[in-house]
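A.B. asks: I am attaching a structure below and will ask some questions about it afterwards.
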Protein chains: 8
Amino acid sequence: MTTQETKTLLESFKAGRVSIDDALRHLQSAPIIDLGFAKLDTHRALRKGFPEVIFCAGKTPEQVLQIAGKYYSRGRRLLLTSVTPEQARKIRARFKSAVWHQPARCITIEKQPQKKRCGFIGIVCAGTSDLPVAEEAAVTAEIMGNRVERIFDVGVAGLHRLLSRLETLQRANVLVVIAGMEGALPSVVCGLVSNPVIAVPTSVGYGANLGGIAALLSMLNSCSSGITVVNIDNGFGGGYAASQINALAAGGNS
Amino acid sequence: MTTQETKTLLESFKAGRVSIDDALRHLQSAPIIDLGFAKLDTHRALRKGFPEVIFCAGKTPEQVLQIAGKYYSRGRRLLLTSVTPEQARKIRARFKSAVWHQPARCITIEKQPQKKRCGFIGIVCAGTSDLPVAEEAAVTAEIMGNRVERIFDVGVAGLHRLLSRLETLQRANVLVVIAGMEGALPSVVCGLVSNPVIAVPTSVGYGANLGGIAALLSMLNSCSSGITVVNIDNGFGGGYAASQINALAAGGNS
Amino acid sequence: MTTQETKTLLESFKAGRVSIDDALRHLQSAPIIDLGFAKLDTHRALRKGFPEVIFCAGKTPEQVLQIAGKYYSRGRRLLLTSVTPEQARKIRARFKSAVWHQPARCITIEKQPQKKRCGFIGIVCAGTSDLPVAEEAAVTAEIMGNRVERIFDVGVAGLHRLLSRLETLQRANVLVVIAGMEGALPSVVCGLVSNPVIAVPTSVGYGANLGGIAALLSMLNSCSSGITVVNIDNGFGGGYAASQINALAAGGNS
Amino acid sequence: MTTQETKTLLESFKAGRVSIDDALRHLQSAPIIDLGFAKLDTHRALRKGFPEVIFCAGKTPEQVLQIAGKYYSRGRRLLLTSVTPEQARKIRARFKSAVWHQPARCITIEKQPQKKRCGFIGIVCAGTSDLPVAEEAAVTAEIMGNRVERIFDVGVAGLHRLLSRLETLQRANVLVVIAGMEGALPSVVCGLVSNPVIAVPTSVGYGANLGGIAALLSMLNSCSSGITVVNIDNGFGGGYAASQINALAAGGNS
Amino acid sequence: MTTQETKTLLESFKAGRVSIDDALRHLQSAPIIDLGFAKLDTHRALRKGFPEVIFCAGKTPEQVLQIAGKYYSRGRRLLLTSVTPEQARKIRARFKSAVWHQPARCITIEKQPQKKRCGFIGIVCAGTSDLPVAEEAAVTAEIMGNRVERIFDVGVAGLHRLLSRLETLQRANVLVVIAGMEGALPSVVCGLVSNPVIAVPTSVGYGANLGGIAALLSMLNSCSSGITVVNIDNGFGGGYAASQINALAAGGNS
Amino acid sequence: MTTQETKTLLESFKAGRVSIDDALRHLQSAPIIDLGFAKLDTHRALRKGFPEVIFCAGKTPEQVLQIAGKYYSRGRRLLLTSVTPEQARKIRARFKSAVWHQPARCITIEKQPQKKRCGFIGIVCAGTSDLPVAEEAAVTAEIMGNRVERIFDVGVAGLHRLLSRLETLQRANVLVVIAGMEGALPSVVCGLVSNPVIAVPTSVGYGANLGGIAALLSMLNSCSSGITVVNIDNGFGGGYAASQINALAAGGNS
Amino acid sequence: MTTQETKTLLESFKAGRVSIDDALRHLQSAPIIDLGFAKLDTHRALRKGFPEVIFCAGKTPEQVLQIAGKYYSRGRRLLLTSVTPEQARKIRARFKSAVWHQPARCITIEKQPQKKRCGFIGIVCAGTSDLPVAEEAAVTAEIMGNRVERIFDVGVAGLHRLLSRLETLQRANVLVVIAGMEGALPSVVCGLVSNPVIAVPTSVGYGANLGGIAALLSMLNSCSSGITVVNIDNGFGGGYAASQINALAAGGNS
Amino acid sequence: MTTQETKTLLESFKAGRVSIDDALRHLQSAPIIDLGFAKLDTHRALRKGFPEVIFCAGKTPEQVLQIAGKYYSRGRRLLLTSVTPEQARKIRARFKSAVWHQPARCITIEKQPQKKRCGFIGIVCAGTSDLPVAEEAAVTAEIMGNRVERIFDVGVAGLHRLLSRLETLQRANVLVVIAGMEGALPSVVCGLVSNPVIAVPTSVGYGANLGGIAALLSMLNSCSSGITVVNIDNGFGGGYAASQINALAAGGNS
């Protein structure tokens with residue numbers, strides 16, 4: 001029941017065309033709560049640049065095309081994650097403005113460029129194995145209107161490289177730190193900065209790594225205060241939460 | 001090696017009292033990097049109101065007293081978590097300004113009142129069982145300079161109570177959502193707001209709850225974007241990260 | 001030993017053609033208990049429309065054909081689950097009345113249409129990923145003589161869609177709620193209705209989802225009373241139990 | 001916002017004392033959805049005899065007394081589960097009509113006797129170790145208005161005792177089968193009956209039992225169709241779901 | 001150092017051709033313990049018909065051929081387990097007496113037929129899914145000189161079929177009971193017999209079956225006394241241990 | 001329905017006092033299968049010396065006394081396991097022939113001494129920590145009529161002690177090998193003997209021992225053929241199965 | 001059979017007092033392999049200062065006293081680990097040279113002081129919670145003849161303290177690094193040194209720490225080469241292995 | 001900032017070309033700590049023969065070629081692990097000195113032969129299944145300058161073969177013991193020697209082996225002192241740590 005429909009109902013009631021019992025019954029049975037949600041969704045999209053998101057894993061290229069078409073018609077920005085090469089080829093053939101971020105396995109479609117927020121998000125990882133997850137976080141943050149600094153060759157087994165990037169780490173409004181194996185990088189980074197750190201465990205590793213569980217547990221048990229954690233390989237989730245935080249930093253709650 | 005010590009060394013070298021080789025050796029072996037850290041630590045305390053924190057579990061009352069004494073002398077604010085009644089009694093006998101937050105099992109000591117940031121943090125949970133963890137999050141956030149709204153009687157099995165608090169949920173800069181059992185509350189809350197949600201699983205439950213693992217997994221696998229998670233029963237961690245975010249919202253990166 | 005055989009034995013004994021010791025020995029060694037089972041099985045098929053069921057996973061098309069042929073000769077209704085496309089092709093070539101429910105990966109064969117019970121079963125899920133399991137539950141419930149309402153686009157991250165279907169949810173005799181990821185949907189739905197809710201976790205998800213264990217644990221630990229749970233991806237089991245309940249509702253224990 | 005309040009608002013609007021914009025704003029921001037819930041809750045209590053339930057574990061006797069007092073004033077039936085002897089003593093001193101079901105660790109309080117439904121629920125277990133959970137299921141079912149048959153000395157290692165109760169098992173509208181150790185009893189029972197079976201694993205066992213996980217997994221993987229499962233030691237949940245089903249059987253959906 | 005070598009050493013020492021120190025040194029450094037092992041190994045092969053066994057999984061056909069050739073030259077009986085069709089083809093081309101037990105994925109090669117022991121081993125399972133493991137147990141027991149009764153269509157969800165085989169179950173010296181899913185069959189069977197029961201869990205199942213862990217735990221926690229368990233899918237191990245027991249029954253320790 | 005009752009029924013039928021329909025109905029509804037069980041149970045007790053067993057953990061001394069009294073009246077031998085000192089004191093006060101095996105935490109009561117079987121069972125463990133479980137296995141085997149050899153100071157970290165007992169190990173009809181920590185002892189022992197080995201993991205250990213799971217997994221994965229496994233700390237189960245095997249060895253299937 | 005006994009046997013044989021068959025039989029049945037072990041054990045004690053070790057957990061004070069007495073008579077150095085205060089009191093009353101290392105929960109008894117090896121072992125941990133395990137490692141290493149450097153206030157969340165001890169870390173022959181929580185310290189330390197690092201996880205932590213499993217997994221999955229790991233809380237094992245390595249460094253294989 | 005750069009800065013300062021504030025700022029912001037690392041890295045490479053290592057799993061042949069080219073230009077020795085046949089072919093086509101160790105799935109490239117250390121490392125395993133991991137350990141140790149003895153046909157189920165290699169085991173400076181299945185071999189070996197034992201679990205096995213977790217737990221819980229453990233299938237890690245220890249043995253800390 002939209003605002004307009006509610007208004008019409010009220011007016012009909014005032015004009016005597018609708019009895020008070022009928023008005024009551026309509027109001028109670030209709031999902032009036034929808035109004036609040038609609039407001040929320042509009043507010044959300046307008047203010048913070050939240051894109052429409054399609055998680056492509058396990059979908060046929062045709063299904064992806066169909067959903068993308070529907071979303072494209074109603075939104076200004078699309079993000080497709082976990083895109084296979086075949087899906088990517090078809091999407092790019094159909095949407096001329098589609099951009100294929102291969103290392104991130106993502107596609108972004110923007111109807112018009114958006115202005116980036118001031119301040120930046122740091123994306124941190126130790127190297128090539130964790131790169132796809134790190135790039136997914138970075139692309140997500142960028143499509144949501146943030147500037148991103150990539151700090152991609154720092155690991156706990158070589159502290160000097162990490163320390164040489166200290167200033168950048170400290171200037172970021174929020175850091176997304178990606179790590180597989182033993183997952184120690186967020187703990188070390190978090191001890192060096194005063195802003196929030198979002199840790200993303202990856203499934204990189206073998207044996208007692210248990211598909212990323214080792215890194216996940218390591219991050220949850222960090223002795224450094226201020227770390228929060230998302231699911232294994234969830235670069236999108238890390239980038240999304242970081243964007244929410246950076247939006248707060250950029251404009252307060254406005 | 002402090003800035004002053006480095007300056008003195010340089011002057012001695014310039015004055016010829018120290019050879020270039022000796023100067024080099026001192027500079028290389030000394031932990032000059034300390035300067036950066038010191039700067040960070042000061043910055044951190046000054047700007048964001050980070051308190052000294054003592055995790056009291058597994059410590060004797062005497063050990064707690066001793067550490068609290070040391071921290072009291074150098075800081076302006078102390079937070080003691082997981083405090084036993086016996087520890088609380090001794091701390092309060094010694095520090096007259098100590099405040100005992102019984103439901104949170106926390107003690108706070110502040111030398112002088114601090115001004116609260118504008119904006120607020122919402123702390124959300126379903127009821128009495130999760131209350132100690134929720135209160136620990138709230139007390140942590142408050143001692144770090146934040147205003148807190150407690151939303152403590154909302155659960156997924158009774159949506160109407162949750163929806164009746166919708167406006168407060170949406171106005172908060174950041175929400176800390178605490179839940180045991182099936183841990184579904186953060187997913188539902190996150191779908192209603194556009195700001196960050198920090199989920200804190202608790203060990204409340206039995207059987208297949210596995211000491212909180214069920215709630216933890218539920219939160220990590222949430223289908224709602226924007227949730228990040230901390231360790232089971234880690235109310236302190238949730239409040240701490242929320243404060244970092246709220247500080248960004250209050251003052252940008254200043 | 002059928003009732004007729006037992007009767008014959010008793011008559012032979014009465015007529016003196018069989019000694020009392022031989023009669024005793026026959027009665028004790030024969031699986032007389034079979035009588036009870038036979039009665040049960042007949043009763044079951046007659047009253048409740050239980051079909052013969054073939055779980056096709058891991059069987060060759062030939063094995064499936066052979067078993068289906070045997071069952072077809074003795075039953076009125078067949079349900080084949082987890083059917084591969086190749087198996088489906090061969091079954092449909094052989095049984096002209098076979099119906100291929102592709103999204104459910106099921107085939108049903110009915111010798112004659114059956115009358116549906118009054119009342120209905122609601123099948124609830126959040127979207128396309130959980131659809132195969134939800135459809136398996138729906139097809140199972142239908143072949144067992146139930147009317148089914150599909151409520152397939154409701155999730156915990158978008159409560160307004162769920163609430164807009166509130167009336168249908170509340171009118172169903174029993175609900176089968178399917179969910180992967182964090183598995184929170186049954187808890188939320190169960191809080192809205194007063195009839196039984198059967199929860200079916202799916203393996204949809206990744207990382208700390210652990211192949212559906214996260215959703216399973218979430219459902220077992222639900223804070224909503226009245227939820228019972230079946231195995232991961234067991235749409236058939238959910239539909240089967242729902243049919244048993246709906247049959248009770250439709251006709252009491254008659 | 002109650003029906004009365006909504007009515008008043010509409011009348012004020014019609015009378016011109018409230019503008020259309022104000023009326024709209026009130027309707028949209030108020031939790032009108034509450035009306036639906038209230039209706040549900042009333043309906044629930046009236047028709048099915050749902051009691052107020054207090055889970056007493058981890059609460060002080062005083063807390064239990066306080067909650068019980070509040071619930072007593074508004075409900076007709078109370079069920080307290082996981083009651084300690086000390087809690088029981090205090091409750092019985094306060095509420096003269098309180099009945100202490102010691103083996104079930106439950107207390108029930110009924111303001112007036114209720115009529116039992118026709119048909120019955122069978123509660124099945126193998127013996128003394130699983131008895132507390134079985135009795136909790138039985139007491140729960142009884143306070144919710146059901147007649148209960150206890151079948152408490154049947155186990156998979158002694159089939160003859162189980163088979164000697166075959167007729168009772170088959171006549172029950174629904175069975176709650178409780179088992180610890182290897183948890184095989186529900187599978188065997190389910191093969192003998194055509195009505196629904198709710199399986200309740202218990203934590204009875206040691207070593208590789210893993211606190212009831214072995215029995216839980218056994219039940220979830222049952223090769224018998226029609227079993228649904230609740231959490232370990234959750235006798236209350238088993239009895240509750242069984243009552244919902246028995247209510248359907250007794251009166252259809254009326 | 002064989003008995004003969006030791007004898008020769010002693011005689012050389014007595015004859016003075018070897019000093020006492022040299023004799024001591026030889027005796028101490030030589031692996032005299034080998035004598036005991038050699039005796040054991042010969043004894044084992046002669047008395048109990050232990051075959052040479054080759055576990056073929058993960059080996060190339062060429063590797064299997066090479067090992068089989070070596071074993072064939074020194075033994076009288078070969079058992080190859082987990083044989084792939086390609087391996088089977090090559091083995092049968094090379095060894096004319098090779099017998100391909102397709103359902104068991106085993107090949108046996110016997111230079112001459114052996115006399116079977118009196119008494120028999122019962123191999124019990126519920127149906128086609130567990131058949132490969134059951135057949136592996138049966139073929140193993142047969143090649144080791146035992147007579148085997150296959151009882152392959154009995155499950156806990158249909159007790160009447162199981163009870164109709166009661167006499168055979170009770171006459172077996174030892175039973176190997178194979179089950180996947182909930183793994184309840186050994187518990188039920190064990191309650192019906194007085195001889196040892198060896199339980200073999202299989203990985204048949206899905207979801208919370210955890211690759212056979214559910215069945216394994218069920219068997220380890222059986223409330224029936226006298227069950228011992230082997231690894232998941234280890235039909236060979238079950239047949240091997242059963243043969244050891246049947247050999248004891250057939251001839252005592254002679 | 002006993003044999004006598006069935007006989008009476010048949011005679012009444014022959015005499016015309018019972019109609020054929022009534023006779024049929026009685027035969028079908030009565031648990032005639034009981035006859036087979038009764039035969040089994042008598043056979044079991046007579047031939048193999050199976051005692052009545054009471055698992056005392058979690059029972060009050062009074063409950064134990066009551067059950068023991070009932071069993072004592074009908075059996076010749078009682079075994080009580082997991083007996084607490086307080087339970088032991090009360091049992092011994094009541095039953096003068098009760099014997100308290102303190103290290104095994106067992107009590108045995110025998111109305112008259114029984115003759116031991118020829119051949120013996122070897123009970124093997126590494127030392128004092130595993131002793132309670134090993135003694136439980138030994139006492140169980142003894143009360144069931146077996147002679148037992150205790151080999152209690154042999155471990156994998158000191159092979160010489162193990163090898164010095166080689167002859168005894170090889171002469172045993174069956175070995176029960178108890179081990180905690182890494183659980184390697186059964187694998188090593190099994191490689192030295194040709195008779196069956198029953199492995200009993202214990203919960204002795206800490207950390208990654210996981211309450212005995214490490215030892216259990218080790219035994220299930222043994223590379224030595226012929227090992228079967230029972231639950232963690234289940235000395236009773238190990239002794240029981242060993243007795244079944246030794247009985248077969250002593251008398252074949254007679 | 002000692003060397004002397006073997007010699008006597010050979011001489012008796014040569015003198016004709018023992019036949020060649022009897023000599024053979026003695027040699028084969030006797031545990032001649034003992035000679036090698038005895039040599040090893042003596043060698044071990046003489047060269048590397050291996051103490052006798054008593055793990056006191058789960059033993060009565062009397063049992064500890066008895067074992068300590070036996071060991072004291074034959075060894076030069078005793079190490080008792082996991083000593084309770086009550087055990088400590090009794091041991092110190094009996095053995096005047098006993099030293100109570102309270103933080104390590106260890107007692108050492110040395111008949112005479114031993115010379116320490118050159119080179120040293122570094123014991124590293126982050127603070128008071130891990131101290132008992134770290135001290136157990138240190139005391140173990142010291143009683144085995146090593147010099148130890150304690151580096152006890154360094155953690156990954158405060159790199160500056162760790163880096164300020166860099167030189168000591170690099171000079172140690174081997175490091176034992178103890179950590180609970182996320183267990184990241186060994187990875188960071190190992191990246192800074194070129195000598196072996198032994199990682200000891202502790203059970204310090206809560207929630208998803210899983211009793212130290214999180215730290216253990218973290219260490220096993222370290223991305224730093226050269227880390228090896230021992231069991232959770234196994235300070236003794238870490239100190240023991242470090243001593244073996246330091247002994248090699250001090251004297252090669254001599 | 002290299003030593004030379006620091007020297008130049010100091011001289012410019014002394015000469016007055018740089019102010020003291022500028023000198024301070026340069027010193028503090030530059031990663032002076034690099035000097036220490038650089039020294040370490042050089043030292044490491046020079047003294048201990050540490051090679052550059054490339055873990056090839058999950059990389060394209062092109063990526064491997066590129067990294068190998070970069071490393072080849074700056075190092076003297078390269079080790080590539082987990083090399084696929086296709087990667088191997090391309091590497092060997094490019095680097096003429098590349099050696100393909102097929103069983104180890106490794107390639108080594110050495111610009112010039114290196115002198116081997118005195119003393120040797122023993123690599124121990126039970127047979128063909130564990131061979132790839134054992135060979136990876138051996139090749140790693142060899143490229144790092146160690147002599148290696150392979151002891152590859154010894155298992156706990158056949159102690160005589162193990163004992164026949166006793167002398168070699170005892171002479172090794174350090175042993176790397178590889179085992180899958182139950183993982184008992186390191187415990188048995190460690191009881192026979194006095195030098196360090198590094199245990200490497202493998203994923204060889206099935207069912208309750210859990211991908212090597214069973215062997216890993218077995219090794220972590222060993223009752224033999226002196227065992228340390230690396231990740232499942234981590235032959236490289238075992239060989240690397242052994243080389244560090246052997247280097248200490250060969251030359252002390254020089």
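Chains: A, B, ... in order of the structure tokens. Residues: from 1 per chain. Ligands: from 1, in order shown.
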So which residues of segment 122-220 of chain E fall under helix (DSSP H, G or I) by DSSP, listed as a PyMOL selection string?

C.D. replies: chain E and resi 128-143+159-163+166-171+185-190+207-220

A.B. asks: Could the residues of chain H within 10 Å of chain E, counting only C-alpha atoms, be given as an NGL selection string, please?

C.D. replies: :H and (128-129 or 158-161 or 163-167 or 204 or 206-210)

A.B. asks: Atom CA of Glu86 of chain D to atom CA of Pro113 of chain D: how many Å, to one decimal?

C.D. replies: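 These two atoms are separated by 26.4 Å.
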
A.B. asks: Do you know which residues are at most 9 Å from segment 71-84 of chain D counting only C-alpha atoms, after dropping those on the same chain fewer than 2 positions away, and could you put them as a PyMOL selection string?

C.D. replies: chain D and resi 45+49-57+61+64+66-69+86-89+98+102+104-112+136+139-140+143-144+236

A.B. asks: Any chance you could export the current selection's N, CA and C atoms as a compact mmCIF listing (two decimals), in the first residue's frame?

C.D. replies:
```txt
# COMPACT_ATOMS: atom_id res chain seq x y z
N ALA D 45 -3.57 -18.49 21.82
CA ALA D 45 -3.83 -18.87 23.20
C ALA D 45 -5.22 -19.48 23.35
N GLY D 49 -4.44 -23.69 23.49
CA GLY D 49 -3.98 -23.92 24.84
C GLY D 49 -2.49 -23.71 25.04
N PHE D 50 -1.90 -22.84 24.24
CA PHE D 50 -0.46 -22.58 24.41
C PHE D 50 -0.24 -21.95 25.76
N PRO D 51 0.63 -22.51 26.56
CA PRO D 51 0.92 -21.92 27.87
C PRO D 51 2.01 -20.85 27.74
N GLU D 52 2.15 -20.07 28.77
CA GLU D 52 3.33 -19.24 28.93
C GLU D 52 4.45 -20.17 29.40
N VAL D 53 5.65 -19.98 28.88
CA VAL D 53 6.76 -20.89 29.21
C VAL D 53 7.93 -20.10 29.77
N ILE D 54 8.51 -20.60 30.87
CA ILE D 54 9.71 -19.98 31.45
C ILE D 54 10.82 -21.01 31.49
N PHE D 55 11.91 -20.73 30.80
CA PHE D 55 13.09 -21.59 30.81
C PHE D 55 13.95 -21.14 31.99
N CYS D 56 14.03 -21.95 33.05
CA CYS D 56 14.59 -21.49 34.32
C CYS D 56 16.10 -21.61 34.45
N ALA D 57 16.74 -22.36 33.56
CA ALA D 57 18.19 -22.56 33.69
C ALA D 57 18.91 -21.22 33.66
N PRO D 61 16.38 -17.90 41.67
CA PRO D 61 15.00 -18.17 42.11
C PRO D 61 14.17 -16.89 42.12
N VAL D 64 13.07 -16.01 38.61
CA VAL D 64 12.00 -16.92 38.18
C VAL D 64 10.67 -16.51 38.82
N GLN D 66 9.71 -13.61 39.86
CA GLN D 66 9.24 -12.36 39.29
C GLN D 66 8.58 -12.57 37.93
N ILE D 67 9.25 -13.33 37.07
CA ILE D 67 8.69 -13.59 35.74
C ILE D 67 7.40 -14.40 35.86
N ALA D 68 7.42 -15.39 36.75
CA ALA D 68 6.24 -16.24 36.92
C ALA D 68 5.05 -15.40 37.38
N GLY D 69 5.31 -14.46 38.27
CA GLY D 69 4.24 -13.60 38.75
C GLY D 69 3.60 -12.80 37.62
N GLU D 86 15.78 -25.94 44.29
CA GLU D 86 15.61 -24.71 45.07
C GLU D 86 14.55 -23.79 44.43
N GLN D 87 14.62 -23.66 43.12
CA GLN D 87 13.60 -22.86 42.43
C GLN D 87 12.22 -23.46 42.66
N ALA D 88 12.15 -24.79 42.60
CA ALA D 88 10.87 -25.47 42.75
C ALA D 88 10.26 -25.17 44.12
N ARG D 89 11.10 -25.21 45.15
CA ARG D 89 10.62 -24.98 46.50
C ARG D 89 9.98 -23.59 46.61
N ALA D 98 0.76 -24.78 41.99
CA ALA D 98 1.92 -25.27 41.25
C ALA D 98 2.11 -26.77 41.48
N GLN D 102 8.88 -33.80 39.26
CA GLN D 102 10.31 -33.92 39.55
C GLN D 102 11.12 -34.59 38.44
N ALA D 104 10.71 -34.68 35.39
CA ALA D 104 10.77 -33.81 34.21
C ALA D 104 11.47 -32.50 34.51
N ARG D 105 11.77 -32.25 35.75
CA ARG D 105 12.34 -30.96 36.19
C ARG D 105 11.43 -29.81 35.73
N CYS D 106 10.14 -30.05 35.77
CA CYS D 106 9.17 -29.04 35.33
C CYS D 106 8.19 -28.70 36.45
N ILE D 107 7.64 -27.51 36.39
CA ILE D 107 6.49 -27.13 37.21
C ILE D 107 5.39 -26.65 36.28
N THR D 108 4.15 -27.05 36.57
CA THR D 108 3.01 -26.52 35.82
C THR D 108 2.07 -25.82 36.79
N ILE D 109 1.49 -24.76 36.31
CA ILE D 109 0.49 -24.02 37.09
C ILE D 109 -0.72 -23.81 36.18
N GLU D 110 -1.88 -24.32 36.61
CA GLU D 110 -3.09 -24.14 35.82
C GLU D 110 -4.17 -23.52 36.69
N LYS D 111 -4.80 -22.46 36.20
CA LYS D 111 -5.83 -21.80 36.99
C LYS D 111 -7.08 -22.66 37.05
N GLN D 112 -7.34 -23.43 36.02
CA GLN D 112 -8.48 -24.35 36.03
C GLN D 112 -8.15 -25.50 35.10
N GLU D 136 9.93 -34.38 30.26
CA GLU D 136 9.73 -32.98 29.89
C GLU D 136 8.83 -32.88 28.66
N VAL D 139 5.17 -33.81 29.94
CA VAL D 139 4.54 -32.75 30.72
C VAL D 139 4.17 -31.57 29.81
N THR D 140 5.05 -31.24 28.88
CA THR D 140 4.75 -30.16 27.93
C THR D 140 3.49 -30.48 27.13
N ILE D 143 0.30 -30.23 29.45
CA ILE D 143 -0.14 -28.87 29.81
C ILE D 143 -0.74 -28.16 28.59
N MET D 144 -0.40 -28.65 27.40
CA MET D 144 -0.96 -28.04 26.19
C MET D 144 -2.26 -28.73 25.76
N PHE D 236 11.10 -30.28 25.68
CA PHE D 236 10.05 -29.27 25.53
C PHE D 236 9.69 -29.07 24.06
```

A.B. asks: Within 10 Å of Leu185 of chain C, counting only C-alpha atoms, which residues show up once you throw out same-chain ones fewer than 6 positions away? Write them as a ChimeraX atom specification, please.

C.D. replies: /B:156,184,187-188 /C:124-126,154-157,162,177-179,199,201,215,218-219

A.B. asks: Would you pick out the contacts of Asn195 of chain B at 9 Å or less, using only C-alpha atoms, so that residues sharing its chain but fewer than 3 positions from it are not included, and give the list as a tab-separated table (two decimals) with N, CA, C and O atoms, in the first residue's frame?

C.D. replies:
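The result, written out as result_11.tsv:
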```tsv
chain	number	residue	atom	x	y	z
A	241	ALA	N	31.03	-3.56	3.88
A	241	ALA	CA	31.05	-3.00	5.24
A	241	ALA	C	32.02	-1.83	5.33
A	241	ALA	O	31.74	-0.82	6.00
A	244	GLN	N	30.33	1.23	4.01
A	244	GLN	CA	29.38	1.80	4.97
A	244	GLN	C	30.11	2.68	5.99
A	244	GLN	O	29.67	3.77	6.34
A	245	ILE	N	31.26	2.16	6.45
A	245	ILE	CA	32.02	2.92	7.46
A	245	ILE	C	32.61	4.18	6.84
A	245	ILE	O	32.57	5.26	7.43
A	248	LEU	N	30.16	6.91	6.56
A	248	LEU	CA	29.96	7.60	7.83
A	248	LEU	C	31.08	8.61	8.07
A	248	LEU	O	30.84	9.74	8.53
A	253	ASN	N	26.41	11.24	9.68
A	253	ASN	CA	25.18	10.48	9.44
A	253	ASN	C	24.27	11.17	8.43
A	253	ASN	O	23.10	10.87	8.32
B	170	GLN	N	17.26	2.68	12.83
B	170	GLN	CA	17.72	3.33	11.60
B	170	GLN	C	18.51	4.61	11.87
B	170	GLN	O	19.32	5.03	11.03
B	171	ARG	N	18.33	5.20	13.03
B	171	ARG	CA	19.05	6.44	13.32
B	171	ARG	C	20.44	6.23	13.88
B	171	ARG	O	21.28	7.13	13.87
B	172	ALA	N	20.69	5.04	14.40
B	172	ALA	CA	22.01	4.79	15.00
B	172	ALA	C	23.11	4.82	13.94
B	172	ALA	O	22.90	4.39	12.81
B	173	ASN	N	24.28	5.36	14.31
B	173	ASN	CA	25.41	5.35	13.38
B	173	ASN	C	25.90	3.93	13.13
B	173	ASN	O	26.38	3.59	12.05
B	174	VAL	N	25.82	3.11	14.14
B	174	VAL	CA	26.30	1.73	14.04
B	174	VAL	C	25.54	0.93	15.09
B	174	VAL	O	25.20	1.46	16.15
B	175	LEU	N	25.27	-0.35	14.77
B	175	LEU	CA	24.54	-1.20	15.70
B	175	LEU	C	25.43	-2.36	16.13
B	175	LEU	O	26.15	-2.94	15.30
B	190	CYS	N	19.92	-6.24	10.16
B	190	CYS	CA	20.74	-5.66	9.08
B	190	CYS	C	19.90	-5.37	7.85
B	190	CYS	O	20.18	-4.44	7.09
B	226	GLY	N	26.74	-6.32	4.96
B	226	GLY	CA	27.13	-5.27	5.88
B	226	GLY	C	27.33	-5.74	7.30
B	226	GLY	O	27.59	-4.93	8.19
```

A.B. asks: What are the DSSP strand (DSSP E) residues of segment 31-183 of chain G, as a VMD selection string?

C.D. replies: chain G and resid 52 to 55 77 to 81 98 to 101 106 to 110 120 to 124 147 to 151 174 to 179
